[in-house]
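Reviewing the structure listed below.
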Amino acid sequence: MTRLILMLVFFICCSTGGEIAMTHGMKQVGEPESFRPRALLRFIGKAISCGWVWFALPLLAASFYSLLILLSWAPLSVVIPASAFNYVVGTFGAKYLLREQVSPKRWMGVIMVCIGVTLVLLT
Amino acid sequence: MSHERRLRFKTLVMVLLMVVCANLGDLMLKRGMLQIGAVQMTPAGIWLALLSTIHNATIWLGIFFLIGFTFCYMTAVSWADYSYVMPAGAFGYAVQTMLAVIILHEVVSARRWFGVVLIVVGVLLVGQTHPSTTTPKVASS
């Protein structure tokens with residue numbers, strides 16, 4: 001049981017941490033000047049040379065493999081709600097680490113999506 | 001077009017592209033793995049599966065779409081909030097259910113339909129908030 005809880009915590013930390021690091025990196029890169037091929041290539045070049053993007057990639061890979069391990073250890077009824085809980089943890093991360101303003105309406109939407117994803121994936 | 005409407009429009013386009021690429025990518029990977037067959041969990045079986053995936057065009061098509069998903073996601077969060085893009089991307093689960101009913105004629109349980117309704121209402125609620133509450137910058141050369 002302890003092993004399962006530790007792996008769940010590891011999965012949520014890697015998944016949310018990876019996505020927050022990726023967002024932080026992309027905010028530093030900035031949005032593309034336009035959607036012309038040359039501007040997009042410049043945008044990709046800047047993203048590839050951003051340290052935060054490279055910090056995010058192993059975390060996202062670790063979250064993927066820890067999800068596979070969780071699926072082999074525990075039933076879907078445990079793993080799916082835990083992975084849907086990422087929406088809530090991610091929103092906390094966005095609010096406190098990325099300094100995004102999360103209004104009550106956005107919180108309500110995130111919680112509904114979290115419950116909805118759990119219901120869809122469990123059937 | 002005003003800045004606000006332009007921001008909403010390009011975020012919506014990117015999220016829709018994310019959903020399309022993720023769904024097509026998953027579909028192609030599943031089709032490719034069905035062509036390869038069940039993987040034997042022995043060193044030789046895993047090695048054979050690896051070689052088969054490398055030589056399978058459908059798997060490469062799936063990888064292409066998933067790279068497209070990653071690119072769209074990275075582009076979207078370069079200007080929009082993570083707490084806006086992340087739940088909006090869940091709209092893909094609702095699309096998957098609708099495709100399963102329309103194309104595959106699957107029977108969907110009431111619980112799953114309730115989940116779809118919650119996702120759609122949740123995404124609509126998030127969609128009504130401002131896509132960016134931080135100050136993004138424009139990539140310069």
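How things are named: the first chain in the structure tokens is A, the next is B, and so on; residues count from 1 in each chain; ligands count from 1 in the order shown.
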
Who sits within 12 Å of segment 89-95 of chain A, only C-alpha atoms, same chain under 6 positions skipped, as a CSV table (one decimal) with N, CA and C atoms, in the first residue's frame:
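Written output follows (out-v1.csv):
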```csv
chain,number,residue,atom,x,y,z
A,9,VAL,N,2.2,9.5,-5.8
A,9,VAL,CA,2.7,10.8,-5.5
A,9,VAL,C,3.8,11.2,-6.5
A,11,PHE,N,4.1,9.9,-9.5
A,11,PHE,CA,3.5,10.2,-10.8
A,11,PHE,C,2.9,11.6,-10.9
A,12,ILE,N,2.2,12.0,-9.9
A,12,ILE,CA,1.5,13.3,-9.9
A,12,ILE,C,2.6,14.4,-9.9
A,13,CYS,N,3.6,14.2,-9.1
A,13,CYS,CA,4.7,15.3,-9.1
A,13,CYS,C,5.4,15.4,-10.4
A,14,CYS,N,5.7,14.2,-11.1
A,14,CYS,CA,6.4,14.3,-12.3
A,14,CYS,C,5.5,14.9,-13.4
A,15,SER,N,4.3,14.4,-13.5
A,15,SER,CA,3.3,14.9,-14.5
A,15,SER,C,3.1,16.4,-14.4
A,16,THR,N,2.7,16.8,-13.2
A,16,THR,CA,2.4,18.3,-13.0
A,16,THR,C,3.7,19.1,-13.1
A,17,GLY,N,4.7,18.6,-12.5
A,17,GLY,CA,6.0,19.3,-12.5
A,17,GLY,C,6.5,19.5,-13.9
A,18,GLY,N,6.4,18.4,-14.7
A,18,GLY,CA,6.9,18.5,-16.1
A,18,GLY,C,6.1,19.5,-16.9
A,19,GLU,N,4.8,19.5,-16.8
A,19,GLU,CA,3.9,20.4,-17.5
A,19,GLU,C,4.1,21.8,-17.1
A,20,ILE,N,4.3,22.0,-15.8
A,20,ILE,CA,4.6,23.4,-15.3
A,20,ILE,C,5.9,23.9,-15.8
A,21,ALA,N,6.9,23.0,-15.7
A,21,ALA,CA,8.3,23.4,-16.2
A,21,ALA,C,8.2,23.8,-17.7
A,22,MET,N,7.4,22.9,-18.5
A,22,MET,CA,7.3,23.2,-19.9
A,22,MET,C,6.6,24.5,-20.2
A,23,THR,N,5.5,24.8,-19.4
A,23,THR,CA,4.8,26.1,-19.6
A,23,THR,C,5.7,27.3,-19.2
A,24,HIS,N,6.5,27.1,-18.1
A,24,HIS,CA,7.4,28.2,-17.7
A,24,HIS,C,8.4,28.4,-18.8
A,82,ALA,N,-6.7,9.0,-9.8
A,82,ALA,CA,-5.4,9.7,-9.4
A,82,ALA,C,-4.9,10.5,-10.6
A,83,SER,N,-5.0,10.0,-11.8
A,83,SER,CA,-4.5,10.7,-13.0
A,83,SER,C,-5.4,11.9,-13.3
A,101,GLN,N,-3.8,33.8,-12.5
A,101,GLN,CA,-5.0,34.1,-11.7
A,101,GLN,C,-6.1,33.1,-12.0
A,102,VAL,N,-6.4,32.3,-11.1
A,102,VAL,CA,-7.4,31.2,-11.3
A,102,VAL,C,-8.7,31.7,-10.6
A,103,SER,N,-9.7,32.1,-11.4
A,103,SER,CA,-10.9,32.6,-10.9
A,103,SER,C,-11.8,31.5,-10.4
A,104,PRO,N,-12.8,31.8,-9.5
A,104,PRO,CA,-13.7,30.7,-9.1
A,104,PRO,C,-14.4,29.9,-10.2
A,106,ARG,N,-13.1,29.4,-13.2
A,106,ARG,CA,-12.1,28.4,-13.8
A,106,ARG,C,-11.9,27.2,-12.8
A,107,TRP,N,-11.9,27.5,-11.5
A,107,TRP,CA,-11.8,26.3,-10.5
A,107,TRP,C,-13.0,25.4,-10.7
A,108,MET,N,-14.2,26.0,-10.9
A,108,MET,CA,-15.4,25.2,-11.0
A,108,MET,C,-15.2,24.3,-12.3
A,109,GLY,N,-14.8,24.9,-13.4
A,109,GLY,CA,-14.6,24.2,-14.6
A,109,GLY,C,-13.6,23.1,-14.5
A,110,VAL,N,-12.5,23.3,-13.8
A,110,VAL,CA,-11.4,22.3,-13.6
A,110,VAL,C,-11.9,21.1,-12.8
A,111,ILE,N,-12.7,21.4,-11.8
A,111,ILE,CA,-13.2,20.3,-10.9
A,111,ILE,C,-14.2,19.5,-11.7
A,113,VAL,N,-14.3,19.1,-15.0
A,113,VAL,CA,-13.5,18.3,-16.0
A,113,VAL,C,-12.9,17.1,-15.3
A,114,CYS,N,-12.3,17.3,-14.1
A,114,CYS,CA,-11.7,16.2,-13.3
A,114,CYS,C,-12.7,15.1,-13.0
B,77,VAL,N,0.7,27.1,-24.8
B,77,VAL,CA,1.1,27.6,-23.5
B,77,VAL,C,2.2,28.7,-23.6
B,80,ALA,N,-0.9,31.3,-23.7
B,80,ALA,CA,-2.1,31.1,-22.8
B,80,ALA,C,-1.7,30.5,-21.5
B,81,ASP,N,-2.6,30.6,-20.5
B,81,ASP,CA,-2.4,30.0,-19.2
B,81,ASP,C,-2.4,28.5,-19.2
B,82,TYR,N,-1.5,27.8,-18.4
B,82,TYR,CA,-1.5,26.4,-18.3
B,82,TYR,C,-2.9,25.9,-17.7
B,83,SER,N,-3.4,26.7,-16.8
B,83,SER,CA,-4.7,26.3,-16.1
B,83,SER,C,-5.9,26.5,-17.1
B,84,TYR,N,-5.6,27.1,-18.3
B,84,TYR,CA,-6.7,27.3,-19.3
B,84,TYR,C,-6.5,26.2,-20.3
B,85,VAL,N,-5.3,25.9,-20.8
B,85,VAL,CA,-5.1,24.9,-21.9
B,85,VAL,C,-5.3,23.5,-21.4
B,86,MET,N,-4.8,23.2,-20.1
B,86,MET,CA,-4.9,21.8,-19.6
B,86,MET,C,-6.3,21.3,-19.6
B,87,PRO,N,-7.3,22.0,-18.9
B,87,PRO,CA,-8.6,21.4,-18.9
B,87,PRO,C,-9.3,21.5,-20.2
B,126,VAL,N,-14.3,27.1,-18.2
B,126,VAL,CA,-12.9,27.5,-18.3
B,126,VAL,C,-12.8,28.4,-19.5
B,132,SER,N,-5.3,34.3,-20.9
B,132,SER,CA,-3.9,34.6,-20.4
B,132,SER,C,-4.0,35.7,-19.2
B,133,THR,N,-3.6,35.3,-18.1
B,133,THR,CA,-3.6,36.2,-16.9
B,133,THR,C,-2.2,36.6,-16.5
B,134,THR,N,-1.2,36.1,-17.3
B,134,THR,CA,0.2,36.6,-17.1
B,134,THR,C,0.6,37.4,-18.3
```

Find the residues of chain B in contact range of chain A, meaning any atom within 10 Å when counting only C-alpha atoms, and list them as JSON, numbers by chain.
{"B": [71, 73, 74, 75, 76, 77, 78, 79, 80, 81, 82, 83, 84, 86, 87, 88, 89, 90, 91, 92, 93, 94, 96, 97, 108, 109, 110, 111, 112, 113, 114, 115, 116, 117, 118, 119, 120, 121, 122, 123, 124, 125, 126, 127, 128, 129, 130, 132, 133, 134, 135, 136, 137, 138, 139, 140, 141]}

Serialized selection, C-alpha atoms, as a PDB file, in the first residue's frame:
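Listing of result_12.pdb after writing:
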```pdb
ATOM      1  CA  PHE B  71       4.077  21.271 -30.857  1.00  0.00           C
ATOM      2  CA  TYR B  73       0.586  22.263 -26.763  1.00  0.00           C
ATOM      3  CA  MET B  74       3.930  24.078 -26.497  1.00  0.00           C
ATOM      4  CA  THR B  75       2.699  26.842 -28.809  1.00  0.00           C
ATOM      5  CA  ALA B  76      -0.570  27.264 -26.887  1.00  0.00           C
ATOM      6  CA  VAL B  77       1.121  27.583 -23.468  1.00  0.00           C
ATOM      7  CA  SER B  78       3.601  30.112 -24.914  1.00  0.00           C
ATOM      8  CA  TRP B  79       0.781  32.693 -24.765  1.00  0.00           C
ATOM      9  CA  ALA B  80      -2.113  31.106 -22.814  1.00  0.00           C
ATOM     10  CA  ASP B  81      -2.369  29.990 -19.173  1.00  0.00           C
ATOM     11  CA  TYR B  82      -1.528  26.380 -18.300  1.00  0.00           C
ATOM     12  CA  SER B  83      -4.688  26.297 -16.142  1.00  0.00           C
ATOM     13  CA  TYR B  84      -6.659  27.274 -19.282  1.00  0.00           C
ATOM     14  CA  MET B  86      -4.885  21.819 -19.628  1.00  0.00           C
ATOM     15  CA  PRO B  87      -8.644  21.417 -18.872  1.00  0.00           C
ATOM     16  CA  ALA B  88      -9.600  22.566 -22.387  1.00  0.00           C
ATOM     17  CA  GLY B  89      -7.542  19.669 -23.787  1.00  0.00           C
ATOM     18  CA  ALA B  90      -9.819  17.250 -21.890  1.00  0.00           C
ATOM     19  CA  PHE B  91     -12.458  18.024 -24.521  1.00  0.00           C
ATOM     20  CA  GLY B  92     -10.776  15.173 -26.452  1.00  0.00           C
ATOM     21  CA  TYR B  93     -12.412  12.608 -24.121  1.00  0.00           C
ATOM     22  CA  ALA B  94     -15.841  13.985 -25.077  1.00  0.00           C
ATOM     23  CA  GLN B  96     -13.710  10.243 -28.420  1.00  0.00           C
ATOM     24  CA  THR B  97     -17.066   9.222 -26.901  1.00  0.00           C
ATOM     25  CA  VAL B 108     -22.342   4.274 -24.238  1.00  0.00           C
ATOM     26  CA  SER B 109     -23.490   3.986 -20.621  1.00  0.00           C
ATOM     27  CA  ALA B 110     -25.437   6.744 -18.837  1.00  0.00           C
ATOM     28  CA  ARG B 111     -22.482   7.231 -16.450  1.00  0.00           C
ATOM     29  CA  ARG B 112     -20.141   7.910 -19.374  1.00  0.00           C
ATOM     30  CA  TRP B 113     -22.626  10.359 -20.952  1.00  0.00           C
ATOM     31  CA  PHE B 114     -22.823  12.157 -17.593  1.00  0.00           C
ATOM     32  CA  GLY B 115     -19.002  12.370 -17.619  1.00  0.00           C
ATOM     33  CA  VAL B 116     -19.080  13.822 -21.156  1.00  0.00           C
ATOM     34  CA  VAL B 117     -21.639  16.455 -20.080  1.00  0.00           C
ATOM     35  CA  LEU B 118     -19.464  17.397 -17.067  1.00  0.00           C
ATOM     36  CA  ILE B 119     -16.379  17.725 -19.309  1.00  0.00           C
ATOM     37  CA  VAL B 120     -18.220  19.886 -21.871  1.00  0.00           C
ATOM     38  CA  VAL B 121     -19.723  22.176 -19.190  1.00  0.00           C
ATOM     39  CA  GLY B 122     -16.343  22.345 -17.382  1.00  0.00           C
ATOM     40  CA  VAL B 123     -14.497  23.247 -20.610  1.00  0.00           C
ATOM     41  CA  LEU B 124     -17.170  25.874 -21.421  1.00  0.00           C
ATOM     42  CA  LEU B 125     -16.730  27.392 -17.933  1.00  0.00           C
ATOM     43  CA  VAL B 126     -12.926  27.507 -18.316  1.00  0.00           C
ATOM     44  CA  GLY B 127     -13.389  28.882 -21.856  1.00  0.00           C
ATOM     45  CA  GLN B 128     -15.320  31.861 -20.484  1.00  0.00           C
ATOM     46  CA  THR B 129     -12.323  32.982 -18.396  1.00  0.00           C
ATOM     47  CA  HIS B 130      -9.499  35.071 -19.867  1.00  0.00           C
ATOM     48  CA  SER B 132      -3.949  34.643 -20.381  1.00  0.00           C
ATOM     49  CA  THR B 133      -3.582  36.176 -16.916  1.00  0.00           C
ATOM     50  CA  THR B 134       0.200  36.592 -17.098  1.00  0.00           C
ATOM     51  CA  THR B 135       2.176  38.743 -19.544  1.00  0.00           C
ATOM     52  CA  PRO B 136       3.563  36.589 -22.374  1.00  0.00           C
ATOM     53  CA  LYS B 137       6.312  37.943 -24.613  1.00  0.00           C
ATOM     54  CA  VAL B 138       6.883  37.583 -28.365  1.00  0.00           C
ATOM     55  CA  ALA B 139       9.818  35.420 -29.471  1.00  0.00           C
ATOM     56  CA  SER B 140      12.450  37.649 -31.055  1.00  0.00           C
ATOM     57  CA  SER B 141      15.220  36.516 -33.387  1.00  0.00           C
TER      58      SER B 141
END
```

Identify, on the basis of only C-alpha atoms, every residue whose closest approach to Ala57 of chain B does not exceed 10 Å; exclude the query and any residue fewer than 5 positions from it along the same chain; express the result as a PyMOL selection string.
chain B and resi 28+32+52+62-63

Suppose we keep N, CA and C atoms; can you now write the selection as a JSON list (two decimals), in the first residue's frame?
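Done, and the output landed in again.json:
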```
[["chain", "number", "residue", "atom", "x", "y", "z"],
["B", 28, "MET", "N", -3.73, 5.81, -34.50],
["B", 28, "MET", "CA", -2.71, 5.22, -35.38],
["B", 28, "MET", "C", -1.81, 4.25, -34.59],
["B", 32, "GLY", "N", -1.47, 0.43, -35.45],
["B", 32, "GLY", "CA", -0.13, -0.11, -35.72],
["B", 32, "GLY", "C", 0.19, -1.29, -34.82],
["B", 52, "SER", "N", 9.70, -4.39, -35.17],
["B", 52, "SER", "CA", 8.44, -4.30, -35.92],
["B", 52, "SER", "C", 7.88, -2.88, -35.89],
["B", 62, "GLY", "N", 1.45, 7.68, -36.37],
["B", 62, "GLY", "CA", 1.00, 7.99, -35.01],
["B", 62, "GLY", "C", 1.99, 8.90, -34.30],
["B", 63, "ILE", "N", 3.29, 8.58, -34.42],
["B", 63, "ILE", "CA", 4.33, 9.41, -33.79],
["B", 63, "ILE", "C", 4.30, 10.83, -34.37]]
```

Which distance in Å separates atom CA of Leu50 of chain B and atom CA of Met33 of chain B, to one decimal?
10.8 Å

Need the shell around segment 19-22 of chain B: protein/DNA/RNA residues with any atom at most 6 Å away, counting only C-alpha atoms. Skip same-chain ones fewer than 6 positions apart. Format as a ChimeraX atom specification?
/B:65-66,69,92

Pick from B:Gln40, B:Thr11, B:Ser2, B:Thr58: nearest to Gly25 of chain B, with only C-alpha atoms counted?
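Among the listed residues, the smallest separation from Gly25 of chain B belongs to B:Thr58.
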
Looking only at the backbone, which of the residues in chain A does DSSP tag as alpha helix (DSSP H), as JSON, numbers by chain?
{"A": [2, 3, 4, 5, 6, 7, 8, 9, 10, 11, 12, 13, 14, 15, 16, 17, 18, 19, 20, 21, 22, 23, 24, 25, 26, 27, 28, 29, 37, 38, 39, 40, 41, 42, 43, 44, 45, 46, 47, 48, 51, 52, 53, 54, 55, 56, 57, 58, 59, 60, 61, 62, 63, 64, 65, 66, 67, 68, 69, 70, 71, 72, 73, 76, 77, 78, 79, 80, 81, 82, 83, 84, 86, 87, 88, 89, 90, 91, 92, 93, 94, 95, 96, 104, 105, 106, 107, 108, 109, 110, 111, 112, 113, 114, 115, 116, 117, 118, 119, 120, 121]}

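Minimum distance to His55 of chain B across B:Val101, B:Val15, B:Ile36, B:Ile67 (counting only C-alpha atoms) occurs at B:Ile36.
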
Near-Leu4 of chain A list (12 Å; only C-alpha atoms; drop same-chain fewer than 2 positions) as an MDAnalysis selection string
chainID A and resid 1:2 6:11 66:67 69:75 78:79 82
